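A.B. asks: The structure's right below; bear with me while I get my questions together.
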Amino acid sequence: MKRLATLDASWLAVDSEDTPMHVGTMQIFSVPEGAPETFLRDVVERMKAQREVAKPWCYKLSYPGNLGRLIAPKWKIDDDIDLDYHVRHSALPRPGSERELGVLISRLHSNRLDFSRPLWECHIIEGLENNRFALYTKMHHSLIDGISGVRLMQRVLSTDPNETNMLPPWAVRPDQLRASKDDDEASIAAAVSHALDALKLQADMAPRLWGAASRLINSVRHPEDELTAPFTGPVSLLNHRVTGQRRFATQHYQMERIRKLAKVAHGSLNDIVLYLCGTALRRFLTEQGELPETSLTAGIPVSIRPADDQNTGNQISFMIASLATDEADPLTRLQDIKNSTKKAKEHLQKLPKAALTQYTMMLMSPYILQLVTGMGGRMRPVFNVTISNVPGPSQALYYEGAKLEAMYPVSLIAHGGALNITCLSYDGSLNFGYTGCRDTLPSMQKLAVYTGEALDELESLLMPDAASNTEAPESRAPAKA
């Protein structure tokens, strides 16, 4: 059996009917030219015929009850997986537009995973207009984070459009996996050695962690330092209790547009993403009559996973930055965001990599504690909204000759955080996935539209000549529910 790391186990502890802790990916493919009418049915049959299930797809909780999840959760291998349950074939109603797809994904993402089985589902969805189909896969956050989830799905695909007889996602093994330090078969001597190393690391890192905590505390006392601390964002419409029903919307932009703006603004691509999200949120909350006087803050996951690491589980840290939603002038808002992210990066970079996991637990423990105790959405949030930017494949990929046209992240939300915005890059595009609570944030899909209009506005301000020559924004209509 394999023990769960503390951060991985925390996602199990806070899972509930209202706050299911799974994350997903929606991939849209175009059917190959000349493919038979039975193409998708044949693909599904070949998928289900592959009975060998690799890690982490074969992991099942050895203590599926609530008490076991909280005390000592472990993974065990399930040797008898019912693929007819985990792999499902669906069809969209006509006309099979982005809207119908968004409705279905919203409904599928609202359903909690079965804790008596391996914690994943794979849905093949046919009937998408223009001879396309979708693959929606969801897996519990205790098994994967954003980076590992993208890599898990990426290694299924091929750069060769002529490759056939490909393995399904659950049958593809990583090229290499580092030996786990949590295996029960480890010797007593090795266990003692690991324990001593851990104690030494804790002693060495304690002063660094105390310094990081002190900087955060000092930023509350002296906000002019521009380091955004936890609990400094206002209680907003985004930060109430949530129900189990989700809404999902998407938006799609050419990466080159974002990169040009980042270059002209002397900022990063992530600065532009935060600006677009902050500007859309400012407009959305203003229309609802709910714009706080102080700025919203964003919790930004930062991967600490090595580039060649194919292990699953969570290896992330967090930054907190201002979205400057209290600033009416767009260019001043952008500058405020740049200043805030610069300070947040400097703060994180002062910590050695070995201390980042402990720092993440220190930063996130109030958030987890709010959820475990039922106080989430009933007190000031640690931050107002989660905004992620996950790097994906840089070139076109295929499955059984079907070209992957786009891929979108479908994330999780929790009490006190009714909205998650995650971006995923793919083949020269940047794809936004907006996941929100259907009841707490009605008309949430408007954010996707407002993000596109914020991009057009920023181009007109920073690159007026280029903007005037642009016939139409290169974005897709948002899928919505």
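Note on naming: chains are A, B, ... as they come in the structure tokens, residues start from 1 per chain, ligands start from 1 in the order shown.
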Pick out each residue of range 1-105 of chain A that DSSP on the backbone tags as strand (DSSP E or B); I need them as number ranges by chain.
C.D. replies: A: 2-3, 22-30, 59-61, 74-77, 87-91
A.B. asks: Using only C-alpha atoms, determine which residues lie at most 9 Å from Gly376 in chain A, disregarding the query and same-chain residues fewer than 3 positions distant; provide the list as a PDB file with N, CA and C atoms, in the first residue's frame.
C.D. replies:
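Ended up saving to part.pdb:
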ATOM      1  N   ASN A 239     -17.295  34.580  -2.445  1.00  0.00           N
ATOM      2  CA  ASN A 239     -16.760  33.951  -1.239  1.00  0.00           C
ATOM      3  C   ASN A 239     -17.809  33.500  -0.247  1.00  0.00           C
ATOM      4  N   HIS A 240     -18.948  33.055  -0.769  1.00  0.00           N
ATOM      5  CA  HIS A 240     -20.004  32.516   0.073  1.00  0.00           C
ATOM      6  C   HIS A 240     -20.017  30.991  -0.020  1.00  0.00           C
ATOM      7  N   ARG A 241     -21.009  30.361   0.573  1.00  0.00           N
ATOM      8  CA  ARG A 241     -21.150  28.909   0.520  1.00  0.00           C
ATOM      9  C   ARG A 241     -21.524  28.478  -0.905  1.00  0.00           C
ATOM     10  N   TYR A 367      -6.836  27.645   4.980  1.00  0.00           N
ATOM     11  CA  TYR A 367      -7.850  27.357   3.966  1.00  0.00           C
ATOM     12  C   TYR A 367      -8.447  25.968   4.185  1.00  0.00           C
ATOM     13  N   ILE A 368      -7.574  24.970   4.373  1.00  0.00           N
ATOM     14  CA  ILE A 368      -8.049  23.606   4.617  1.00  0.00           C
ATOM     15  C   ILE A 368      -8.834  23.547   5.919  1.00  0.00           C
ATOM     16  N   LEU A 369      -8.356  24.264   6.934  1.00  0.00           N
ATOM     17  CA  LEU A 369      -9.034  24.265   8.238  1.00  0.00           C
ATOM     18  C   LEU A 369     -10.438  24.863   8.116  1.00  0.00           C
ATOM     19  N   GLN A 370     -10.572  25.926   7.325  1.00  0.00           N
ATOM     20  CA  GLN A 370     -11.900  26.510   7.098  1.00  0.00           C
ATOM     21  C   GLN A 370     -12.860  25.478   6.519  1.00  0.00           C
ATOM     22  N   LEU A 371     -12.368  24.691   5.549  1.00  0.00           N
ATOM     23  CA  LEU A 371     -13.232  23.723   4.887  1.00  0.00           C
ATOM     24  C   LEU A 371     -13.567  22.546   5.800  1.00  0.00           C
ATOM     25  N   VAL A 372     -12.568  22.056   6.537  1.00  0.00           N
ATOM     26  CA  VAL A 372     -12.791  20.908   7.414  1.00  0.00           C
ATOM     27  C   VAL A 372     -13.760  21.250   8.542  1.00  0.00           C
ATOM     28  N   THR A 373     -13.652  22.485   9.076  1.00  0.00           N
ATOM     29  CA  THR A 373     -14.497  22.878  10.215  1.00  0.00           C
ATOM     30  C   THR A 373     -15.844  23.437   9.793  1.00  0.00           C
ATOM     31  N   MET A 379     -16.581  33.216   6.710  1.00  0.00           N
ATOM     32  CA  MET A 379     -15.629  34.171   7.268  1.00  0.00           C
ATOM     33  C   MET A 379     -14.767  34.697   6.133  1.00  0.00           C
ATOM     34  N   ARG A 380     -13.887  35.615   6.441  1.00  0.00           N
ATOM     35  CA  ARG A 380     -13.045  36.217   5.404  1.00  0.00           C
ATOM     36  C   ARG A 380     -12.213  35.138   4.722  1.00  0.00           C
ATOM     37  N   PRO A 381     -12.160  35.150   3.386  1.00  0.00           N
ATOM     38  CA  PRO A 381     -11.420  34.098   2.676  1.00  0.00           C
ATOM     39  C   PRO A 381      -9.909  34.311   2.742  1.00  0.00           C
ATOM     40  N   ALA A 414     -14.760  25.427  -3.867  1.00  0.00           N
ATOM     41  CA  ALA A 414     -15.052  25.032  -2.488  1.00  0.00           C
ATOM     42  C   ALA A 414     -15.781  26.167  -1.781  1.00  0.00           C
ATOM     43  N   HIS A 415     -16.287  25.889  -0.590  1.00  0.00           N
ATOM     44  CA  HIS A 415     -16.930  26.925   0.206  1.00  0.00           C
ATOM     45  C   HIS A 415     -15.952  28.085   0.411  1.00  0.00           C
ATOM     46  N   GLY A 416     -16.420  29.292   0.151  1.00  0.00           N
ATOM     47  CA  GLY A 416     -15.559  30.461   0.270  1.00  0.00           C
ATOM     48  C   GLY A 416     -14.824  30.796  -1.007  1.00  0.00           C
ATOM     49  N   GLY A 417     -14.935  29.939  -2.020  1.00  0.00           N
ATOM     50  CA  GLY A 417     -14.284  30.194  -3.307  1.00  0.00           C
ATOM     51  C   GLY A 417     -15.123  29.622  -4.423  1.00  0.00           C
TER      52      GLY A 417
END
A.B. asks: Could you jot down the CA of Met463 in chain A to CA of Asp326 in chain A separation for me, Å, one decimal place?
C.D. replies: 24.3 Å
A.B. asks: List the neighbours of Ser388 in chain A out to 9 Å using only C-alpha atoms; skip same-chain residues closer than 2 positions along the sequence, and give me the result as a count of residues only.
C.D. replies: 13
A.B. asks: Looking at A:Ala280, A:Met1, A:Met319, A:Leu274, which one is nearest to Tyr359 in chain A, with distances taken over only C-alpha atoms?
C.D. replies: A:Met319
A.B. asks: For CA of Lys343 in chain A and CA of Leu285 in chain A, determine how far apart the two atoms are, in Å to one decimal place.
C.D. replies: 26.4 Å
A.B. asks: Let me make sure I understand: among A:Ser116, A:Ala171, A:Asp18, A:Lys138, which one has the smallest atom-to-atom distance to Met47 in chain A if we use only C-alpha atoms?
C.D. replies: A:Ala171
A.B. asks: List the neighbours of Leu237 in chain A out to 8 Å using only C-alpha atoms; skip same-chain residues closer than 6 positions along the sequence, and give me the result as a VMD selection string.
C.D. replies: chain A and resid 285 290 440 to 441
A.B. asks: Could you tell me how far CA of Ser425 in chain A sits from CA of Phe284 in chain A, in Å to one decimal place?
C.D. replies: 24.9 Å
A.B. asks: Measuring atom to atom with only C-alpha atoms, identify which of A:Arg151, A:Leu128, A:Ser295, A:Met166 is nearest to Thr228 in chain A.
C.D. replies: A:Ser295
